[in-house]
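To keep things clear, I will list the structure first and then write my remarks on it.
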Number of protein chains: 2
Amino acid sequence: MTRAVRDPSEIARYDEEVDVLVVGLGAAGAAAALEAARAGAETLVLERASGGGGTSAMSGGVLYLGGGTALQKACGFDDSPEAMHDYLLASCGDAPDAEKIRLYCEGSVEHYDWIAAQGVPFKPVFYDGCSGEPPTDDGLVWSGSERAHPFVEVAPPAPRGHVPRMEHQTGPLLMQTLCAAVEASPARIAANHRCVALVQAPDGAVQGAVAESFGEERRIRARRGVILTTGGFINDDALIEAHQPLVRRCKIRVGAEGDDGSGIRLGMAAGAATMHMDAASISLPATQPWGLKRGLLVNAQGQRFINEDAYYGRLGEWALFHHGGRAWLVVDDAIFEKPDYPRDVSAVGETPAELERELGLPAGSLEATIALYNRHAERGEDPLFHKASHYVQPLVTPPFGAFDCTTGSSIYAAFTLGGLATDTDGRVLDVLGAPIPGLFGAGRATSGLSVGGYSSGLSLGDGTFFGRRAGRCAAGS
Amino acid sequence: MTRAVRDPSEIARYDEEVDVLVVGLGAAGAAAALEAARAGAETLVLERASGGGGTSAMSGGVLYLGGGTALQKACGFDDSPEAMHDYLLASCGDAPDAEKIRLYCEGSVEHYDWIAAQGVPFKPVFYDGCSGEPPTDDGLVWSGSERAHPFVEVAPPAPRGHVPRMEHQTGPLLMQTLCAAVEASPARIAANHRCVALVQAPDGAVQGAVAESFGEERRIRARRGVILTTGGFINDDALIEAHQPLVRRCKIRVGAEGDDGSGIRLGMAAGAATMHMDAASISLPATQPWGLKRGLLVNAQGQRFINEDAYYGRLGEWALFHHGGRAWLVVDDAIFEKPDYPRDVSAVGETPAELERELGLPAGSLEATIALYNRHAERGEDPLFHKASHYVQPLVTPPFGAFDCTTGSSIYAAFTLGGLATDTDGRVLDVLGAPIPGLFGAGRATSGLSVGGYSSGLSLGDGTFFGRRAGRCAAGS
């Protein structure tokens, strides 16, 4: 019988012995390894792929940081840890980890400096007009719903998307740099090593791990701790079905092959608790360029359901989880422009009624929605969803059109947010809330800052931040 | 360090040795114990309370059964396993366990006979006009959304709520009878015994359990298996926060004190997987008497969001999970009648516009909703949500009123549906999908038939049905 946990009695001898064993070389693993090694721990990183990077290297490379970072200041923005804290606490889902948020906001300025000190370049220029990673090599962007209702009333907004200096998808640059830093550190990297089991003593302490490499088992003793930084589970159908089956409808799964929940399973096999396994980031980039935020996002009943100026991560979550992924962005000719992410026009009509017919919506439904919206929009108001007034204008100029935002044909980009329960030092917690001795975790193998209503950069952000803390804590234990 | 799992080496000697140890004496535990004992296994049931019953004894006592049971036939209803299967597969959430549903429907007629054979009385009279348990001692009721869209188009509807013969809350009668059957069987019951740990060998096999009784630890060896039937976790704030924080808003938590997830934790400590921990049954009994289904359930934007003739379990789930528990049932004077479950009238108005103002809804929102509804209702149609035509009538007779269906003041009755992953014989599965030797589970400690869109009686139904299977499987192992 194969099990994901082994008793020390099953290990005749260890092939290798280190202080700290990091499992997975994405952003969280790199941060953990760097800090563990710098704290003097003999550190080994296992990576199942042939090289480091993981999902972090496939990402947009945005890090959600703030509170007054050097980059924010260089770009002329005021921010405070308090404002960042209040935004994250309000926006990160129904029950985010308040203590993690507090620490993250207090430490964010220092964490930016640390990231930069690893050699990650940031151009001190703010790019306005896009959500998430910019089409340029500029360094600072808006990457959340800070200026949208209800958050704009909760905290002073500031752009907090910190983007490494490279055009488009900067994840590869971020990870090349962090992996190079690990290579240059005393930590060693063993690629093509897949961790298949933890070694756990009868008293519950994790003492090491078993890895497979080219068909051979290697048993590695970890004197001070094992740190699981293996990513989420977007590519594991069984876990998705068990925890958030609606995600199956998304066309794009944002995850390297290794995002199959392997580390979450390793932790659970050792008795770990999990949290928010149903939470996922769902990006629906329908309102880019931003002028399209003046459109109306409607569901299969022709009803609006969110302020369209909310961040695309929030739009996607609402459209998928609350409206089954059946949505259309309705515009008139005055609002119409070519979307950045090409998408089908589902229907066009000379009147709202004609558009509604073409879309197959119930008679009068979209017509009533537009009429009600226009009534208030004439005064720049949106009392239903409180979209910012500069995006509020009546839809009156024919023809009217609808962009397809259904899961069947539109981009819905998904990754999971839930995972192992950890404390703020990355200690993995058991089902009674006690740390499992010798077991740590960070990144999307764990439940981090956001458990809903995603802002871009929070996963690279909390993965590196709490990865560092896990590395230090493991090294010191 | 206290842990929820112990190594056999920590057990100096066992205080007792049995074949099958059942943990928790609710409906699932009683069923498991009865079948294990009848299969010849020496069986002991631990119950942490001073007597058996658990949440089952607090429930309405409805069992969801069908496929042509003797009771259905006596009441003159046709039903088939196929119709029941198609309804459950369509209504039980986004990814229910198809194999459990299939077995349950195929075995439902026999299972009814078995329940009746334990001495549970059912009066062969159908009670029409209520959802869930009737105010009489009649035996058969509607307890789901079988006649509502979209299910009425999926499968021929039949009433499947089987209710023991007693007026009101029949859970106590059900459990008195089942507990008496256990007492009369060779199985023994140890009350005031709280299971605090499983004993698990290094190879993963569960060999027994440790219980506490009046401060003393008792170690019990289970030669063939431990069956966890400890209930859900509606009364555990930490688990609710970690998995479904919106449930915190519900005024009523349907669960005995023991529904604190203890058995789920025991299983997880032994390496078990969980499923659908975010799923919950949320009852919002707002449309009783049924004439109130002619009203309009609207959200904070004055929009309808569901066909109001759906079962109250479905109404509650939609109102809470998709609309934050902010909802009102809008009626006119022609529809108004005294609700069975008293609830506040939030506002009254001579016109929809006045009602809307009184409710603090955006100007024109409710007015537009009612106008659109009335337009189609004049032809008996509801193209937005497909409410059955006999509940569709225009709201035109002043005054208009709104019943408060917000979480702040209305009944939202919640219990959890997610739990340990089990196969169809009740074997608890580990994170790799393999059975944990010697560990079984049933009832709301496990993920059962419904993972959403609840129909009443499914928990007593699957708890007893799969409890029996777990009892037999453990006894034979």
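The chains in the structure tokens are called A, B, ... from first to last as shown; in each chain the residues are counted from 1, and the ligands are counted from 1 in the order shown.
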
Might you pull out every residue within 10 Å of A:Asn374, with only C-alpha atoms counted and same-chain residues fewer than 5 positions away left off, and present them as a list in words?
Ala368, Thr369, Arg379, Gly380, Glu381, Asp382, Val392, Gln393, Pro394, Leu395 and Val396 of chain A

Please report, as a compact mmCIF listing (two decimals) with all heavy atoms, in the first residue's frame, each residue of stretch 192-407 of chain A to which DSSP assigns strand (DSSP E or B) when run on this structure's backbone.
# COMPACT_ATOMS: atom_id res chain seq x y z
N ARG A 194 10.51 14.42 -6.98
CA ARG A 194 9.11 14.56 -6.56
C ARG A 194 8.95 13.99 -5.17
O ARG A 194 9.27 12.83 -4.93
CB ARG A 194 8.20 13.81 -7.55
CG ARG A 194 6.72 13.79 -7.19
CD ARG A 194 5.99 12.73 -8.02
NE ARG A 194 6.11 12.98 -9.43
CZ ARG A 194 5.14 13.51 -10.19
NH1 ARG A 194 3.99 13.84 -9.64
NH2 ARG A 194 5.33 13.70 -11.47
N CYS A 195 8.46 14.80 -4.25
CA CYS A 195 8.26 14.32 -2.89
C CYS A 195 6.99 13.48 -2.83
O CYS A 195 5.91 13.94 -3.23
CB CYS A 195 8.16 15.51 -1.93
SG CYS A 195 8.05 15.04 -0.22
N VAL A 196 7.10 12.24 -2.36
CA VAL A 196 5.95 11.34 -2.36
C VAL A 196 5.45 11.00 -0.95
O VAL A 196 4.35 10.47 -0.80
CB VAL A 196 6.26 10.03 -3.12
CG1 VAL A 196 6.50 10.33 -4.60
CG2 VAL A 196 7.45 9.30 -2.51
N ALA A 197 6.24 11.30 0.05
CA ALA A 197 5.78 10.99 1.41
C ALA A 197 6.58 11.81 2.42
O ALA A 197 7.74 12.15 2.18
CB ALA A 197 5.94 9.50 1.71
N LEU A 198 5.94 12.09 3.53
CA LEU A 198 6.65 12.65 4.68
C LEU A 198 6.96 11.51 5.63
O LEU A 198 6.24 10.51 5.69
CB LEU A 198 5.78 13.68 5.39
CG LEU A 198 5.42 14.93 4.59
CD1 LEU A 198 4.44 15.80 5.37
CD2 LEU A 198 6.68 15.73 4.24
N VAL A 199 8.05 11.66 6.35
CA VAL A 199 8.38 10.70 7.40
C VAL A 199 7.96 11.33 8.73
O VAL A 199 8.40 12.42 9.07
CB VAL A 199 9.89 10.38 7.42
CG1 VAL A 199 10.19 9.36 8.51
CG2 VAL A 199 10.33 9.87 6.06
N GLN A 200 7.06 10.65 9.41
CA GLN A 200 6.47 11.21 10.63
C GLN A 200 6.60 10.21 11.77
O GLN A 200 6.18 9.05 11.65
CB GLN A 200 4.99 11.53 10.39
CG GLN A 200 4.31 12.26 11.55
CD GLN A 200 2.87 12.63 11.23
OE1 GLN A 200 2.18 11.90 10.52
NE2 GLN A 200 2.41 13.75 11.76
N VAL A 206 7.46 15.54 12.16
CA VAL A 206 7.94 15.22 10.82
C VAL A 206 9.46 15.27 10.82
O VAL A 206 10.07 16.26 11.24
CB VAL A 206 7.35 16.21 9.79
CG1 VAL A 206 8.00 16.04 8.42
CG2 VAL A 206 5.84 15.99 9.68
N GLN A 207 10.06 14.18 10.36
CA GLN A 207 11.52 14.05 10.46
C GLN A 207 12.20 14.10 9.10
O GLN A 207 13.43 14.17 9.03
CB GLN A 207 11.87 12.71 11.10
CG GLN A 207 11.31 12.54 12.50
CD GLN A 207 11.77 11.25 13.16
OE1 GLN A 207 12.22 10.33 12.48
NE2 GLN A 207 11.67 11.19 14.48
N GLY A 208 11.45 14.03 8.03
CA GLY A 208 12.06 14.03 6.72
C GLY A 208 11.04 13.72 5.67
O GLY A 208 9.83 13.86 5.90
N ALA A 209 11.54 13.32 4.52
CA ALA A 209 10.63 13.06 3.40
C ALA A 209 11.23 12.00 2.49
O ALA A 209 12.44 11.74 2.53
CB ALA A 209 10.37 14.34 2.63
N VAL A 210 10.35 11.42 1.69
CA VAL A 210 10.78 10.48 0.67
C VAL A 210 10.48 11.10 -0.68
O VAL A 210 9.37 11.57 -0.92
CB VAL A 210 10.04 9.14 0.82
CG1 VAL A 210 10.47 8.17 -0.28
CG2 VAL A 210 10.28 8.54 2.20
N ALA A 211 11.49 11.12 -1.54
CA ALA A 211 11.31 11.68 -2.88
C ALA A 211 11.57 10.61 -3.91
O ALA A 211 12.27 9.62 -3.65
CB ALA A 211 12.25 12.86 -3.09
N GLU A 212 10.99 10.80 -5.09
CA GLU A 212 11.28 9.92 -6.21
C GLU A 212 12.00 10.71 -7.28
O GLU A 212 11.63 11.85 -7.58
CB GLU A 212 9.99 9.34 -6.79
CG GLU A 212 9.45 8.16 -6.02
CD GLU A 212 8.19 7.60 -6.65
OE1 GLU A 212 7.81 8.07 -7.74
OE2 GLU A 212 7.58 6.74 -6.01
N SER A 213 13.05 10.11 -7.83
CA SER A 213 13.79 10.76 -8.89
C SER A 213 14.16 9.70 -9.91
O SER A 213 14.86 8.74 -9.57
CB SER A 213 15.05 11.44 -8.32
OG SER A 213 15.74 12.14 -9.35
N GLU A 216 13.82 6.14 -8.75
CA GLU A 216 14.49 5.74 -7.51
C GLU A 216 13.92 6.52 -6.33
O GLU A 216 13.64 7.70 -6.45
CB GLU A 216 15.99 6.07 -7.59
CG GLU A 216 16.73 5.35 -8.69
CD GLU A 216 17.03 3.91 -8.31
OE1 GLU A 216 17.54 3.70 -7.18
OE2 GLU A 216 16.75 3.01 -9.12
N GLU A 217 13.79 5.83 -5.20
CA GLU A 217 13.38 6.53 -3.99
C GLU A 217 14.60 7.10 -3.27
O GLU A 217 15.61 6.41 -3.11
CB GLU A 217 12.66 5.56 -3.04
CG GLU A 217 11.16 5.64 -3.14
CD GLU A 217 10.43 5.00 -1.96
OE1 GLU A 217 11.07 4.73 -0.91
OE2 GLU A 217 9.25 4.78 -2.11
N ARG A 218 14.47 8.32 -2.84
CA ARG A 218 15.52 8.92 -2.00
C ARG A 218 14.90 9.37 -0.70
O ARG A 218 13.89 10.06 -0.68
CB ARG A 218 16.16 10.11 -2.72
CG ARG A 218 17.10 9.70 -3.85
CD ARG A 218 17.77 10.90 -4.47
NE ARG A 218 18.60 11.64 -3.52
CZ ARG A 218 19.80 11.24 -3.08
NH1 ARG A 218 20.32 10.11 -3.51
NH2 ARG A 218 20.49 11.97 -2.23
N ARG A 219 15.53 8.98 0.39
CA ARG A 219 15.03 9.29 1.72
C ARG A 219 15.89 10.39 2.32
O ARG A 219 17.11 10.24 2.43
CB ARG A 219 15.04 8.02 2.58
CG ARG A 219 14.07 6.96 2.07
CD ARG A 219 14.47 5.57 2.49
NE ARG A 219 15.63 5.11 1.75
CZ ARG A 219 15.58 4.37 0.63
NH1 ARG A 219 14.41 3.99 0.14
NH2 ARG A 219 16.67 4.00 0.01
N ILE A 220 15.25 11.47 2.69
CA ILE A 220 16.01 12.63 3.15
C ILE A 220 15.57 13.00 4.56
O ILE A 220 14.39 13.27 4.80
CB ILE A 220 15.80 13.82 2.19
CG1 ILE A 220 16.21 13.41 0.78
CG2 ILE A 220 16.58 15.04 2.66
CD1 ILE A 220 15.51 14.17 -0.31
N ARG A 221 16.50 13.01 5.44
CA ARG A 221 16.25 13.41 6.82
C ARG A 221 16.32 14.93 6.87
O ARG A 221 17.22 15.56 6.30
CB ARG A 221 17.34 12.80 7.71
CG ARG A 221 17.35 13.27 9.15
CD ARG A 221 16.52 12.34 10.03
NE ARG A 221 16.74 12.63 11.45
CZ ARG A 221 16.00 13.53 12.12
NH1 ARG A 221 15.02 14.19 11.51
NH2 ARG A 221 16.23 13.74 13.41
N ALA A 222 15.36 15.56 7.54
CA ALA A 222 15.37 17.01 7.74
C ALA A 222 15.40 17.26 9.24
O ALA A 222 14.40 17.06 9.93
CB ALA A 222 14.14 17.65 7.10
N ARG A 223 16.57 17.68 9.73
CA ARG A 223 16.76 17.78 11.18
C ARG A 223 15.85 18.85 11.80
O ARG A 223 15.38 18.72 12.91
CB ARG A 223 18.22 18.11 11.50
CG ARG A 223 19.17 16.94 11.32
CD ARG A 223 20.62 17.34 11.61
NE ARG A 223 21.14 18.23 10.59
CZ ARG A 223 22.06 17.91 9.69
NH1 ARG A 223 22.60 16.70 9.70
NH2 ARG A 223 22.46 18.78 8.79
N ARG A 224 15.65 19.94 11.04
CA ARG A 224 14.88 21.04 11.64
C ARG A 224 13.48 21.21 11.06
O ARG A 224 12.60 21.73 11.72
CB ARG A 224 15.66 22.35 11.49
CG ARG A 224 17.05 22.28 12.09
CD ARG A 224 17.69 23.64 12.17
NE ARG A 224 19.13 23.53 12.40
CZ ARG A 224 19.97 24.55 12.32
NH1 ARG A 224 19.53 25.76 12.01
NH2 ARG A 224 21.27 24.37 12.53
N GLY A 225 13.31 20.81 9.82
CA GLY A 225 11.94 20.94 9.30
C GLY A 225 11.82 20.74 7.80
O GLY A 225 12.78 20.90 7.05
N VAL A 226 10.62 20.36 7.41
CA VAL A 226 10.24 20.26 6.00
C VAL A 226 9.28 21.40 5.71
O VAL A 226 8.33 21.63 6.47
CB VAL A 226 9.56 18.90 5.70
CG1 VAL A 226 9.04 18.86 4.26
CG2 VAL A 226 10.52 17.75 5.98
N ILE A 227 9.52 22.13 4.62
CA ILE A 227 8.65 23.25 4.24
C ILE A 227 7.96 22.92 2.92
O ILE A 227 8.63 22.75 1.89
CB ILE A 227 9.45 24.57 4.09
CG1 ILE A 227 10.28 24.85 5.34
CG2 ILE A 227 8.51 25.73 3.79
CD1 ILE A 227 11.15 26.11 5.25
N LEU A 228 6.65 22.81 2.96
CA LEU A 228 5.88 22.47 1.76
C LEU A 228 5.52 23.75 1.00
O LEU A 228 4.78 24.60 1.50
CB LEU A 228 4.60 21.72 2.14
CG LEU A 228 4.81 20.40 2.87
CD1 LEU A 228 3.47 19.86 3.40
CD2 LEU A 228 5.47 19.38 1.96
N ILE A 252 -9.37 28.51 -18.53
CA ILE A 252 -7.94 28.60 -18.27
C ILE A 252 -7.64 28.25 -16.82
O ILE A 252 -8.20 28.84 -15.89
CB ILE A 252 -7.43 30.02 -18.58
CG1 ILE A 252 -7.66 30.32 -20.07
CG2 ILE A 252 -5.95 30.16 -18.22
CD1 ILE A 252 -7.19 31.69 -20.50
N ARG A 253 -6.78 27.28 -16.65
CA ARG A 253 -6.34 26.92 -15.31
C ARG A 253 -4.93 27.44 -15.14
O ARG A 253 -4.01 27.00 -15.84
CB ARG A 253 -6.41 25.41 -15.11
CG ARG A 253 -7.84 24.89 -15.23
CD ARG A 253 -7.95 23.44 -14.81
NE ARG A 253 -9.35 23.02 -14.87
CZ ARG A 253 -9.82 21.90 -14.33
NH1 ARG A 253 -9.00 21.10 -13.69
NH2 ARG A 253 -11.10 21.59 -14.41
N ALA A 272 -2.61 17.30 8.93
CA ALA A 272 -2.82 18.74 8.87
C ALA A 272 -4.28 19.10 8.62
O ALA A 272 -5.01 18.36 7.98
CB ALA A 272 -1.96 19.34 7.75
N THR A 274 -6.99 21.82 6.85
CA THR A 274 -7.05 22.69 5.67
C THR A 274 -8.04 23.82 5.93
O THR A 274 -8.84 23.74 6.88
CB THR A 274 -7.51 21.91 4.43
OG1 THR A 274 -8.79 21.36 4.68
CG2 THR A 274 -6.53 20.81 4.07
N MET A 275 -7.94 24.83 5.09
CA MET A 275 -8.88 25.95 5.20
C MET A 275 -9.29 26.43 3.81
O MET A 275 -8.47 26.45 2.90
CB MET A 275 -8.23 27.14 5.92
CG MET A 275 -7.83 26.83 7.35
SD MET A 275 -7.08 28.28 8.18
CE MET A 275 -8.56 29.25 8.51
N ALA A 280 -11.21 30.33 -4.69
CA ALA A 280 -10.42 30.35 -5.91
C ALA A 280 -10.38 31.77 -6.46
O ALA A 280 -11.32 32.54 -6.26
CB ALA A 280 -11.00 29.41 -6.96
N SER A 281 -9.30 32.07 -7.12
CA SER A 281 -9.21 33.32 -7.87
C SER A 281 -9.74 33.05 -9.28
O SER A 281 -9.25 32.14 -9.96
CB SER A 281 -7.76 33.79 -7.92
OG SER A 281 -7.63 34.80 -8.91
N ILE A 282 -10.72 33.84 -9.69
CA ILE A 282 -11.33 33.66 -11.01
C ILE A 282 -11.24 35.00 -11.74
O ILE A 282 -11.96 35.94 -11.41
CB ILE A 282 -12.82 33.26 -10.89
CG1 ILE A 282 -13.01 32.10 -9.91
CG2 ILE A 282 -13.40 32.96 -12.27
CD1 ILE A 282 -12.48 30.78 -10.37
N SER A 283 -10.36 35.09 -12.72
CA SER A 283 -10.20 36.35 -13.45
C SER A 283 -11.06 36.35 -14.71
O SER A 283 -10.99 35.43 -15.52
CB SER A 283 -8.73 36.55 -13.85
OG SER A 283 -7.97 36.84 -12.71
N LEU A 296 -22.46 47.31 -18.90
CA LEU A 296 -23.24 46.65 -17.86
C LEU A 296 -23.02 45.15 -17.95
O LEU A 296 -23.27 44.54 -18.99
CB LEU A 296 -24.74 46.95 -18.06
CG LEU A 296 -25.15 48.42 -18.16
CD1 LEU A 296 -26.68 48.52 -18.25
CD2 LEU A 296 -24.63 49.20 -16.96
N LEU A 297 -22.56 44.57 -16.85
CA LEU A 297 -22.37 43.12 -16.81
C LEU A 297 -23.68 42.51 -16.32
O LEU A 297 -24.10 42.79 -15.20
CB LEU A 297 -21.20 42.79 -15.89
CG LEU A 297 -20.58 41.40 -16.00
CD1 LEU A 297 -20.02 41.14 -17.39
CD2 LEU A 297 -19.48 41.23 -14.96
N VAL A 298 -24.31 41.71 -17.17
CA VAL A 298 -25.62 41.15 -16.81
C VAL A 298 -25.58 39.63 -16.85
O VAL A 298 -24.76 39.03 -17.54
CB VAL A 298 -26.73 41.66 -17.75
CG1 VAL A 298 -26.81 43.18 -17.72
CG2 VAL A 298 -26.55 41.14 -19.17
N ARG A 304 -28.08 43.16 -13.77
CA ARG A 304 -26.73 43.44 -13.29
C ARG A 304 -26.51 42.72 -11.96
O ARG A 304 -27.46 42.41 -11.24
CB ARG A 304 -26.53 44.94 -13.09
CG ARG A 304 -26.46 45.72 -14.39
CD ARG A 304 -26.38 47.21 -14.09
NE ARG A 304 -25.09 47.59 -13.54
CZ ARG A 304 -24.92 48.56 -12.65
NH1 ARG A 304 -25.95 49.24 -12.17
NH2 ARG A 304 -23.70 48.85 -12.21
N TRP A 328 -22.87 38.57 -19.69
CA TRP A 328 -22.56 39.35 -20.90
C TRP A 328 -22.26 40.79 -20.49
O TRP A 328 -22.87 41.32 -19.55
CB TRP A 328 -23.75 39.34 -21.86
CG TRP A 328 -24.05 37.98 -22.41
CD1 TRP A 328 -23.59 37.45 -23.58
CD2 TRP A 328 -24.85 36.95 -21.80
NE1 TRP A 328 -24.05 36.16 -23.73
CE2 TRP A 328 -24.83 35.84 -22.66
CE3 TRP A 328 -25.59 36.87 -20.61
CZ2 TRP A 328 -25.50 34.65 -22.38
CZ3 TRP A 328 -26.26 35.69 -20.32
CH2 TRP A 328 -26.21 34.60 -21.19
N LEU A 329 -21.33 41.39 -21.18
CA LEU A 329 -21.04 42.81 -20.96
C LEU A 329 -21.75 43.61 -22.04
O LEU A 329 -21.41 43.51 -23.23
CB LEU A 329 -19.53 43.08 -21.00
CG LEU A 329 -19.16 44.54 -20.68
CD1 LEU A 329 -19.38 44.85 -19.20
CD2 LEU A 329 -17.72 44.85 -21.07
N VAL A 330 -22.73 44.39 -21.62
CA VAL A 330 -23.57 45.14 -22.56
C VAL A 330 -23.04 46.56 -22.71
O VAL A 330 -22.76 47.24 -21.72
CB VAL A 330 -25.04 45.16 -22.05
CG1 VAL A 330 -25.91 46.07 -22.92
CG2 VAL A 330 -25.60 43.73 -22.01
N VAL A 331 -22.89 46.99 -23.94
CA VAL A 331 -22.40 48.35 -24.23
C VAL A 331 -23.30 48.99 -25.29
O VAL A 331 -24.06 48.29 -25.98
CB VAL A 331 -20.95 48.32 -24.77
CG1 VAL A 331 -19.99 47.76 -23.72
CG2 VAL A 331 -20.85 47.51 -26.05
N VAL A 345 -18.51 39.01 -29.80
CA VAL A 345 -19.72 39.80 -29.63
C VAL A 345 -20.88 38.83 -29.79
O VAL A 345 -21.05 38.22 -30.84
CB VAL A 345 -19.78 40.95 -30.66
CG1 VAL A 345 -21.13 41.65 -30.56
CG2 VAL A 345 -18.64 41.92 -30.43
N SER A 346 -21.63 38.66 -28.71
CA SER A 346 -22.71 37.67 -28.75
C SER A 346 -23.88 38.14 -29.58
O SER A 346 -24.57 37.34 -30.21
CB SER A 346 -23.22 37.38 -27.33
OG SER A 346 -22.24 36.74 -26.58
N ALA A 347 -24.14 39.44 -29.55
CA ALA A 347 -25.32 39.94 -30.25
C ALA A 347 -25.22 41.45 -30.39
O ALA A 347 -24.50 42.12 -29.65
CB ALA A 347 -26.59 39.59 -29.47
N VAL A 348 -25.95 41.96 -31.37
CA VAL A 348 -26.04 43.39 -31.61
C VAL A 348 -27.50 43.70 -31.89
O VAL A 348 -28.22 42.86 -32.43
CB VAL A 348 -25.17 43.80 -32.83
CG1 VAL A 348 -25.36 45.27 -33.17
CG2 VAL A 348 -23.70 43.50 -32.57
N GLY A 349 -27.94 44.89 -31.46
CA GLY A 349 -29.32 45.27 -31.75
C GLY A 349 -29.46 46.78 -31.80
O GLY A 349 -28.69 47.50 -31.15
N PHE A 400 -26.61 48.70 -29.91
CA PHE A 400 -26.23 48.13 -28.63
C PHE A 400 -25.60 46.76 -28.88
O PHE A 400 -25.98 46.07 -29.84
CB PHE A 400 -27.47 47.97 -27.73
CG PHE A 400 -28.12 49.28 -27.41
CD1 PHE A 400 -29.06 49.84 -28.28
CD2 PHE A 400 -27.78 49.98 -26.27
CE1 PHE A 400 -29.66 51.07 -28.00
CE2 PHE A 400 -28.37 51.21 -25.98
CZ PHE A 400 -29.31 51.76 -26.85
N GLY A 401 -24.62 46.42 -28.07
CA GLY A 401 -23.95 45.14 -28.28
C GLY A 401 -23.66 44.46 -26.96
O GLY A 401 -23.70 45.08 -25.89
N ALA A 402 -23.36 43.17 -27.04
CA ALA A 402 -23.04 42.40 -25.83
C ALA A 402 -21.82 41.53 -26.08
O ALA A 402 -21.82 40.73 -27.01
CB ALA A 402 -24.23 41.53 -25.42
N PHE A 403 -20.79 41.72 -25.29
CA PHE A 403 -19.62 40.85 -25.34
C PHE A 403 -19.91 39.57 -24.55
O PHE A 403 -20.46 39.62 -23.45
CB PHE A 403 -18.40 41.55 -24.74
CG PHE A 403 -17.87 42.69 -25.56
CD1 PHE A 403 -18.00 44.00 -25.12
CD2 PHE A 403 -17.22 42.47 -26.77
CE1 PHE A 403 -17.51 45.07 -25.86
CE2 PHE A 403 -16.73 43.53 -27.52
CZ PHE A 403 -16.87 44.83 -27.07
N ASP A 404 -19.48 38.48 -25.12
CA ASP A 404 -19.71 37.18 -24.49
C ASP A 404 -18.79 37.02 -23.28
O ASP A 404 -17.55 37.01 -23.42
CB ASP A 404 -19.42 36.08 -25.52
CG ASP A 404 -19.91 34.72 -25.06
OD1 ASP A 404 -20.00 34.51 -23.84
OD2 ASP A 404 -20.22 33.89 -25.92

Find the spatial neighbours of stretch 55-60 of chain A, counting only C-alpha atoms, within a cut-off of 9 Å - ignore same-chain residues fewer than 6 positions away - and output them as a ChimeraX atom specification.
/A:26-28,132-133,163,168-176,231,254-259,456-457,459-460

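Residues of stretch 271-360 of chain B assigned to alpha helix (DSSP H) by DSSP on this structure's backbone: Tyr312, Gly313, Arg314, Leu315, Gly316, Glu317, His323, Pro352, Ala353, Glu354, Leu355, Glu356, Arg357, Glu358 and Leu359 of chain B.
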
Considering only C-alpha atoms, extract the chain B residues located within 7 Å of chain A and return them as a ChimeraX atom specification.
/B:7,94-95,202,241-243,245-246,265,268-271,275-276,278,301,322,362,364,368,372,383-384,431

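Between B:Tyr312 and the candidates B:Ser185, B:Thr446, B:Ser91, B:Ser143, the tightest atom-to-atom separation, counting only C-alpha atoms, involves B:Ser143.
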